[in-house]
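> Sending over coords32.txt (compact mmCIF, C-alpha atoms).
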# COMPACT_ATOMS: atom_id res chain seq x y z
CA MET A 1 -25.05 -85.73 -35.11
CA MET A 2 -22.56 -85.23 -32.40
CA LEU A 3 -20.23 -82.29 -31.92
CA ASP A 4 -18.63 -81.62 -28.55
CA SER A 5 -15.98 -79.01 -29.18
CA LEU A 6 -16.37 -75.36 -30.00
CA ARG A 7 -12.83 -75.44 -31.36
CA LEU A 8 -14.11 -77.53 -34.26
CA LEU A 9 -16.77 -74.93 -34.93
CA ARG A 10 -14.12 -72.27 -35.37
CA SER A 11 -11.99 -74.34 -37.71
CA PRO A 12 -12.29 -74.26 -41.52
CA VAL A 13 -14.21 -77.55 -41.37
CA GLY A 14 -16.41 -76.53 -38.48
CA HIS A 15 -19.52 -76.79 -40.59
CA ALA A 16 -19.05 -80.52 -41.14
CA LEU A 17 -21.03 -81.79 -38.16
CA GLY A 18 -21.39 -85.48 -37.33
CA ALA A 19 -25.11 -87.06 -37.85
CA SER A 20 -32.37 -82.70 -35.65
CA LEU A 21 -38.58 -80.10 -34.85
CA LEU A 22 -42.06 -79.69 -35.22
CA LEU A 23 -43.48 -76.26 -34.50
CA ALA A 24 -47.21 -75.92 -34.20
CA CYS A 25 -47.62 -73.09 -36.69
CA SER A 26 -51.02 -72.51 -38.22
CA SER A 27 -50.12 -69.80 -40.71
CA ALA A 28 -48.78 -70.59 -44.15
CA PRO A 29 -45.12 -69.82 -44.84
CA PRO A 30 -44.40 -66.95 -47.22
CA GLY A 31 -43.52 -67.47 -50.84
CA GLU A 32 -44.56 -70.30 -53.09
CA THR A 33 -44.69 -73.00 -50.42
CA SER A 34 -47.78 -73.15 -48.23
CA ALA A 35 -48.25 -75.22 -45.10
CA SER A 36 -50.75 -77.87 -46.15
CA ASP A 37 -53.00 -79.81 -43.81
CA ASP A 38 -50.50 -82.67 -44.06
CA GLU A 39 -47.72 -80.40 -42.86
CA ALA A 40 -49.70 -78.81 -40.04
CA LEU A 41 -50.40 -82.10 -38.22
CA GLY A 42 -51.79 -80.43 -35.11
CA LEU A 43 -50.15 -82.15 -32.16
CA ALA A 44 -50.01 -85.61 -33.72
CA PRO A 45 -46.60 -87.28 -33.32
CA ALA A 46 -44.70 -87.42 -36.59
CA ARG A 47 -41.99 -89.60 -38.12
CA PHE A 48 -38.96 -88.15 -39.90
CA ASP A 49 -36.20 -90.07 -41.71
CA VAL A 50 -32.98 -88.22 -42.59
CA VAL A 51 -31.55 -89.75 -45.76
CA SER A 52 -29.08 -88.51 -48.35
CA ILE A 53 -27.95 -90.37 -51.46
CA ASN A 54 -24.16 -90.28 -51.30
CA ASP A 55 -23.21 -92.30 -54.36
CA GLY A 56 -24.33 -91.35 -57.81
CA THR A 57 -22.20 -93.84 -59.75
CA ASP A 58 -22.57 -97.25 -58.09
CA ALA A 59 -26.15 -98.30 -57.37
CA GLU A 60 -25.00 -100.98 -54.94
CA CYS A 61 -22.73 -98.84 -52.72
CA PRO A 62 -19.90 -101.39 -52.31
CA TRP A 63 -18.61 -102.15 -48.81
CA ASN A 64 -15.40 -100.19 -49.46
CA TYR A 65 -17.09 -97.05 -50.77
CA ARG A 66 -15.81 -93.78 -49.30
CA ASP A 67 -17.46 -90.39 -49.57
CA SER A 68 -15.67 -87.12 -50.38
CA ASP A 69 -14.45 -86.92 -46.76
CA GLY A 70 -12.99 -90.42 -46.93
CA GLN A 71 -15.69 -91.83 -44.65
CA PRO A 72 -17.55 -95.14 -45.17
CA ARG A 73 -20.88 -93.48 -45.86
CA CYS A 74 -23.22 -94.34 -48.70
CA VAL A 75 -26.91 -94.73 -49.49
CA SER A 76 -27.64 -96.67 -52.67
CA SER A 77 -30.66 -96.15 -54.87
CA ALA A 78 -32.15 -99.37 -53.48
CA GLU A 79 -31.69 -98.12 -49.91
CA TRP A 80 -33.22 -94.79 -50.85
CA ARG A 81 -36.33 -96.58 -52.11
CA ALA A 82 -36.53 -98.62 -48.90
CA LEU A 83 -36.52 -95.44 -46.82
CA ASN A 84 -39.12 -93.81 -49.06
CA TYR A 85 -41.57 -96.50 -47.92
CA ALA A 86 -45.25 -95.89 -48.60
CA SER A 87 -46.46 -94.96 -45.13
CA PRO A 88 -46.94 -91.20 -44.90
CA HIS A 89 -43.86 -89.76 -43.20
CA PHE A 90 -41.27 -87.03 -43.73
CA VAL A 91 -38.16 -87.74 -45.80
CA VAL A 92 -35.50 -85.23 -44.74
CA MET A 93 -32.97 -84.23 -47.41
CA GLY A 94 -30.56 -81.47 -48.34
CA SER A 95 -32.24 -80.65 -51.66
CA ASP A 96 -35.47 -81.14 -53.57
CA ASP A 97 -33.89 -83.44 -56.19
CA HIS A 98 -36.14 -86.33 -55.13
CA GLU A 99 -39.27 -84.40 -54.26
CA ALA A 100 -41.31 -85.99 -57.03
CA ASP A 101 -40.38 -89.49 -55.87
CA ILE A 102 -41.21 -88.59 -52.26
CA GLU A 103 -44.61 -87.17 -53.15
CA ALA A 104 -45.39 -90.09 -55.47
CA ALA A 105 -44.99 -92.44 -52.50
CA GLY A 106 -47.40 -90.33 -50.47
CA ASN A 107 -44.66 -88.87 -48.29
CA HIS A 108 -43.53 -85.31 -47.49
CA LEU A 109 -40.19 -83.58 -48.06
CA ALA A 110 -38.46 -81.85 -45.15
CA LEU A 111 -35.19 -79.91 -45.16
CA TYR A 112 -31.97 -80.99 -43.46
CA PHE A 113 -29.61 -78.15 -42.55
CA ASN A 114 -26.23 -79.31 -41.26
CA ASP A 115 -24.51 -75.97 -40.65
CA LEU A 116 -26.08 -74.44 -37.56
CA ASN A 117 -22.71 -73.37 -36.17
CA ASP A 118 -21.16 -71.95 -39.33
CA GLY A 119 -22.27 -68.42 -38.53
CA TRP A 120 -21.03 -68.67 -34.95
CA GLY A 121 -17.59 -69.59 -36.23
CA LYS A 122 -17.71 -66.52 -38.49
CA GLY A 123 -18.76 -64.18 -35.70
CA GLN A 124 -22.28 -63.69 -37.06
CA SER A 125 -25.40 -63.13 -35.00
CA GLY A 126 -27.89 -65.98 -34.86
CA ALA A 127 -30.37 -64.00 -36.95
CA ALA A 128 -27.76 -63.30 -39.65
CA ALA A 129 -26.77 -66.99 -39.71
CA ALA A 130 -30.42 -67.94 -40.08
CA ASP A 131 -30.72 -65.55 -43.02
CA ASP A 132 -27.77 -67.33 -44.65
CA ALA A 133 -29.49 -70.65 -43.97
CA TRP A 134 -32.62 -69.29 -45.63
CA SER A 135 -30.64 -68.26 -48.71
CA TRP A 136 -29.08 -71.74 -48.85
CA ALA A 137 -32.51 -73.31 -48.53
CA ASN A 138 -33.90 -71.28 -51.41
CA GLU A 139 -30.93 -72.27 -53.56
CA HIS A 140 -31.28 -76.01 -52.86
CA PHE A 141 -35.07 -76.18 -52.86
CA SER A 142 -35.91 -74.24 -56.03
CA GLY A 143 -36.94 -71.11 -54.18
CA SER A 144 -39.62 -72.99 -52.20
CA PRO A 145 -38.10 -74.37 -48.98
CA PRO A 146 -40.25 -76.97 -47.21
CA ALA A 147 -42.22 -75.99 -44.14
CA TRP A 148 -40.16 -78.29 -41.92
CA PHE A 149 -36.49 -77.57 -41.10
CA VAL A 150 -34.36 -80.15 -39.29
CA VAL A 151 -31.32 -78.26 -37.96
CA ASN A 152 -28.10 -80.01 -36.86
CA GLU A 153 -26.86 -79.42 -34.15
CA VAL A 154 -26.27 -77.81 -30.73
CA SER A 155 -22.59 -77.82 -29.69
CA ARG A 156 -21.85 -78.92 -26.13
CA GLY A 157 -18.73 -76.78 -26.01
CA GLY A 158 -20.66 -73.78 -27.22
CA TRP A 159 -23.73 -74.31 -25.05
CA GLU A 160 -21.71 -74.66 -21.85
CA GLY A 161 -19.04 -72.12 -22.78
CA GLU A 162 -15.48 -73.27 -23.22
CA SER A 163 -14.20 -69.93 -21.97
CA GLY A 164 -16.70 -69.60 -19.14
CA ASP A 165 -20.36 -68.86 -18.53
CA ALA A 166 -20.37 -65.62 -20.51
CA ASP A 167 -19.14 -67.42 -23.63
CA GLY A 168 -21.85 -70.03 -23.18
CA ALA A 169 -24.50 -67.35 -22.78
CA ARG A 170 -23.45 -65.76 -26.07
CA TYR A 171 -23.63 -69.07 -27.92
CA ARG A 172 -27.01 -69.93 -26.43
CA ALA A 173 -28.32 -66.51 -27.47
CA TYR A 174 -27.01 -67.25 -30.97
CA VAL A 175 -28.93 -70.55 -31.11
CA VAL A 176 -32.13 -68.98 -29.76
CA ALA A 177 -31.91 -66.17 -32.31
CA PHE A 178 -31.24 -68.65 -35.13
CA VAL A 179 -34.32 -70.81 -34.51
CA THR A 180 -36.49 -67.78 -33.67
CA ARG A 181 -35.62 -66.15 -36.99
CA LEU A 182 -36.62 -69.24 -38.96
CA ALA A 183 -39.76 -69.85 -36.93
CA ASN A 184 -41.12 -66.32 -36.62
CA ASP A 185 -39.73 -64.38 -39.58
CA ARG A 186 -39.66 -67.27 -42.09
CA GLN A 187 -42.62 -69.11 -40.54
CA ARG A 188 -40.89 -72.46 -40.67
CA LYS A 189 -41.35 -75.39 -38.32
CA VAL A 190 -37.96 -76.02 -36.76
CA ILE A 191 -36.53 -79.21 -35.23
CA LEU A 192 -33.27 -78.53 -33.39
CA CYS A 193 -31.05 -81.57 -32.86
CA THR A 194 -29.15 -81.72 -29.60
CA PRO A 195 -26.70 -84.18 -28.01
CA TYR A 196 -28.13 -83.34 -24.58
CA VAL A 197 -29.97 -86.50 -23.53
CA THR A 198 -30.48 -85.51 -19.89
CA PRO A 199 -29.83 -81.76 -19.53
CA ALA A 200 -29.14 -80.57 -16.00
CA SER A 201 -32.08 -79.38 -13.96
CA GLY A 202 -32.35 -75.65 -13.38
CA SER A 203 -32.03 -76.36 -9.64
CA ALA A 204 -28.47 -77.66 -10.09
CA GLY A 205 -26.83 -74.23 -9.68
CA SER A 206 -26.74 -70.89 -11.43
CA LYS A 207 -25.02 -72.16 -14.57
CA ALA A 208 -27.55 -74.97 -14.98
CA ALA A 209 -30.38 -72.50 -14.34
CA ALA A 210 -29.12 -70.23 -17.13
CA GLN A 211 -28.92 -73.16 -19.52
CA ALA A 212 -32.41 -74.32 -18.51
CA ALA A 213 -33.75 -70.87 -19.35
CA SER A 214 -32.13 -71.09 -22.78
CA TRP A 215 -33.70 -74.50 -23.42
CA ARG A 216 -37.08 -73.02 -22.60
CA SER A 217 -36.44 -70.11 -24.97
CA VAL A 218 -35.68 -72.54 -27.79
CA ALA A 219 -38.78 -74.58 -26.97
CA LYS A 220 -40.98 -71.49 -27.37
CA VAL A 221 -40.41 -71.57 -31.13
CA ALA A 222 -38.91 -74.99 -31.98
CA VAL A 223 -38.95 -78.63 -30.99
CA LEU A 224 -35.86 -80.15 -29.39
CA ALA A 225 -34.68 -83.46 -30.85
CA ALA A 226 -32.57 -85.34 -28.29
CA GLU A 227 -30.00 -87.74 -29.71
CA VAL A 228 -30.56 -90.72 -27.40
CA GLN A 229 -27.82 -93.21 -28.23
CA MET A 230 -28.96 -96.81 -27.75
CA THR A 231 -26.57 -99.11 -29.60
CA GLY A 232 -27.54 -102.43 -31.08
CA ALA A 233 -25.01 -104.18 -28.88
CA ALA A 234 -26.29 -102.51 -25.70
CA VAL A 235 -29.94 -103.25 -26.46
CA ALA A 236 -29.10 -106.86 -27.31
CA ALA A 237 -27.51 -107.17 -23.86
CA ASP A 238 -30.30 -105.28 -22.09
CA PRO A 239 -33.70 -105.28 -23.89
CA GLY A 240 -35.18 -102.93 -21.28
CA LEU A 241 -32.61 -100.22 -22.02
CA PRO A 242 -34.62 -98.28 -24.66
CA GLU A 243 -37.65 -97.58 -22.51
CA ARG A 244 -35.53 -96.64 -19.50
CA SER A 245 -33.36 -94.35 -21.61
CA LEU A 246 -36.31 -92.58 -23.20
CA GLY A 247 -37.98 -92.23 -19.84
CA LYS A 248 -34.92 -90.49 -18.40
CA THR A 249 -34.76 -88.09 -21.33
CA ILE A 250 -38.44 -87.21 -21.07
CA ALA A 251 -38.13 -86.65 -17.32
CA ALA A 252 -35.03 -84.46 -17.72
CA TYR A 253 -36.65 -82.13 -20.27
CA ALA A 254 -39.89 -82.02 -18.31
CA ALA A 255 -37.87 -80.95 -15.25
CA LEU A 256 -36.72 -77.92 -17.26
CA GLY A 257 -40.33 -76.82 -17.60
CA ILE A 258 -40.71 -78.03 -21.21
CA ASP A 259 -43.91 -79.69 -22.38
CA THR A 260 -42.37 -82.80 -23.93
CA HIS A 261 -45.59 -83.79 -25.69
CA GLU A 262 -45.32 -80.62 -27.77
CA ARG A 263 -41.60 -79.86 -27.79
CA LEU A 264 -39.47 -83.00 -27.58
CA MET A 265 -38.52 -85.54 -30.24
CA ILE A 266 -36.14 -88.49 -30.13
CA VAL A 267 -33.32 -89.08 -32.62
CA ASP A 268 -32.34 -92.72 -33.29
CA ASN A 269 -29.01 -93.48 -35.00
CA PHE A 270 -28.95 -96.36 -37.50
CA SER A 271 -25.32 -96.25 -38.62
CA ASN A 272 -23.56 -99.60 -39.11
CA THR A 273 -20.83 -98.86 -36.58
CA LYS A 274 -18.12 -101.29 -35.45
CA PRO A 275 -17.90 -103.02 -32.05
CA GLY A 276 -17.33 -100.47 -29.30
CA GLY A 277 -19.19 -97.72 -31.16
CA GLU A 278 -21.03 -95.16 -29.06
CA TYR A 279 -24.05 -95.07 -31.37
CA GLY A 280 -25.76 -97.15 -34.05
CA ARG A 281 -25.21 -100.86 -34.53
CA ALA A 282 -21.92 -101.11 -32.58
CA GLY A 283 -20.97 -104.52 -33.99
CA ALA A 284 -24.28 -106.27 -33.26
CA SER A 285 -25.07 -109.29 -35.41
CA VAL A 286 -27.76 -109.02 -38.08
CA ALA A 287 -30.30 -110.72 -35.80
CA GLN A 288 -29.29 -108.60 -32.80
CA TRP A 289 -29.52 -105.37 -34.77
CA GLU A 290 -32.98 -106.19 -36.11
CA THR A 291 -34.09 -107.06 -32.58
CA ALA A 292 -32.67 -103.78 -31.29
CA ILE A 293 -34.44 -101.80 -34.03
CA GLY A 294 -37.72 -103.38 -32.97
CA ALA A 295 -37.06 -102.84 -29.26
CA ARG A 296 -36.25 -99.16 -29.77
CA ALA A 297 -39.42 -98.64 -31.80
CA LYS A 298 -41.53 -100.48 -29.22
CA ALA A 299 -40.13 -98.29 -26.43
CA PHE A 300 -40.98 -95.15 -28.38
CA GLU A 301 -44.48 -96.44 -29.10
CA ALA A 302 -45.04 -96.98 -25.37
CA LEU A 303 -44.13 -93.34 -24.70
CA THR A 304 -45.71 -91.72 -27.76
CA GLY A 305 -48.13 -89.72 -25.64
CA GLN A 306 -45.23 -87.92 -23.99
CA LEU A 307 -43.29 -87.06 -27.15
CA ARG A 308 -43.76 -84.94 -30.26
CA GLY A 309 -42.14 -87.27 -32.75
CA TYR A 310 -39.33 -89.53 -33.89
CA LEU A 311 -36.40 -88.97 -36.22
CA SER A 312 -34.15 -91.67 -37.73
CA TYR A 313 -30.62 -90.79 -38.80
CA GLY A 314 -27.26 -92.25 -39.83
CA TRP A 315 -28.42 -94.68 -42.51
CA ALA A 316 -25.40 -93.92 -44.68
CA GLY A 317 -22.82 -94.95 -42.07
CA ASN A 318 -21.22 -98.29 -42.91
CA GLU A 319 -18.11 -98.94 -40.84
CA MET A 320 -18.98 -102.65 -40.72
CA GLY A 321 -18.93 -102.88 -44.49
CA SER A 322 -22.41 -104.36 -44.82
CA THR A 323 -23.67 -104.95 -48.33
CA SER A 324 -26.40 -102.78 -49.78
CA ALA A 325 -28.74 -105.79 -49.71
CA THR A 326 -28.14 -106.25 -45.98
CA ARG A 327 -28.78 -102.59 -45.30
CA VAL A 328 -32.00 -102.72 -47.33
CA THR A 329 -33.08 -105.59 -45.06
CA PHE A 330 -32.47 -103.38 -42.01
CA GLU A 331 -34.34 -100.47 -43.57
CA THR A 332 -37.29 -102.64 -44.55
CA HIS A 333 -37.43 -104.01 -41.00
CA TYR A 334 -37.36 -100.47 -39.62
CA ALA A 335 -40.07 -99.27 -42.03
CA ALA A 336 -42.39 -102.01 -40.75
CA GLN A 337 -42.15 -100.83 -37.13
CA LYS A 338 -45.15 -99.15 -35.55
CA LEU A 339 -44.03 -95.55 -35.16
CA PRO A 340 -45.83 -92.24 -35.68
CA ASN A 341 -46.05 -91.04 -39.25
CA GLY A 342 -47.28 -88.01 -41.10
CA GLU A 343 -50.97 -88.89 -41.13
In structure tokens, write the structure found in this file.

Amino acid sequence: MMLDSLRLLRSPVGHALGASLLLACSSAPPGETSASDDEALGLAPARFDVVSINDGTDAECPWNYRDSDGQPRCVSSAEWRALNYASPHFVVMGSDDHEADIEAAGNHLALYFNDLNDGWGKGQSGAAAADDAWSWANEHFSGSPPAWFVVNEVSRGGWEGESGDADGARYRAYVVAFVTRLANDRQRKVILCTPYVTPASGSAGSKAAAQAASWRSVAKVAVLAAEVQMTGAAVAADPGLPERSLGKTIAAYAALGIDTHERLMIVDNFSNTKPGGEYGRAGASVAQWETAIGARAKAFEALTGQLRGYLSYGWAGNEMGSTSATRVTFETHYAAQKLPNGE
């Protein structure tokens, strides 16, 4: 879920972002899908798991499996079942192919949209790009898109402006228009993923003040999901890291004038990355990684009253070449953690 360069956005592959929003919306969305009581949730924290089944031919996802981009990413059918655990939560996917399985487990389907910046690269307005996203959603969700949209992700290069403040202002207006269109015109609940863990305070100069105003504009209609990277290796070395990291993120967004209890979620990355990785497991041993998963969940639990929800991501990543059985063990351990769910 990380993208730092606007140049990538303007390339032919700019839509392929790396690894996102709960909006308190009482009215039912238009069309066939209605916002049920389960989807409304008031201000209760909620738990979202982003999961996509990458391999349709090998149920075990061998260690050397590569996806269509040549990356070691795969979720086997066994892993899918482990992440569709029977504790009411949101399973976030790019289609409704598994909706029946999700509902049978007592869970809820949410939509994952990975192309926030496609329209920007094409010179579209944010509203026009959101309309394209809506068309895509109808195509992949049988004309009834879920109430909840997880949108990936804010570009650092775009947000700050690679060509100066004016360029950044245009991109930020694009993002605000995109989420506003989905929230107000399509009546969807939007979660906007962002790599900004500790955004600059509005008192840090005119540029920071302009960005702070844009964050507040987003937070009027969507929930921000900050991608706080706490690797397995780092947590193993420093068990107090998760709570300190989350505390800093909460404080930074609160300093912008955002009510974090209503408008801030945390994104945790669970990719099996190699030693030295900036996110996910980062080479931690099996025991260390399971300990880190528990420590991260415990830190979130301690701060639940200051956050809107929790979103797991990156389950398909497998740089370490772990077997499917090992990854199921990690997923089962994660599912047992005390985190907010959809109840």
> Calculate how many Å separate CA of Gly283 in chain A from CA of Met320 in chain A, rounding to one decimal.
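Result for CA of Gly283 in chain A versus CA of Met320 in chain A: 7.3 Å, one decimal.
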> Near Val150 in chain A, counting all atoms listed in the file, which residues have an atom at most 8 Å away, once you skip same-chain residues fewer than 6 positions from it, shown as a list of chain:residue names?
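Neighbouring residues, sequence-local ones excluded: A:Ser20, A:Leu21, A:Val92, A:Ala110, A:Leu111, A:Tyr112, A:Phe113, A:Val190, A:Ile191, A:Leu192, A:Cys193.
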> For range 294-307 of chain A, take all atoms listed in the file, fit an axis-aligned box around them, add 6 Å to each of the six sides, then output centre and edge lengths in Å rounded to one decimal, as lines of an AutoDock Vina configuration file.

center_x = -42.2
center_y = -95.2
center_z = -28.5
size_x = 23.9
size_y = 28.3
size_z = 21.0
> Any idea what the distance is between CA of Gln288 in chain A and CA of Ser52 in chain A?
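Those two atoms sit 25.4 Å apart.
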> What is the distance, in Å and to one decimal place, between CA of Tyr310 in chain A and CA of Gly143 in chain A?
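Between CA of Tyr310 in chain A and CA of Gly143 in chain A the gap works out to 27.5 Å.
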> From the list A:Ser201, A:Ser324, A:Asn152, A:Ser312, which residue is nearest Ala251 in chain A when using all atoms listed in the file?
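For Ala251 in chain A, the nearest of the candidates is A:Ser201.
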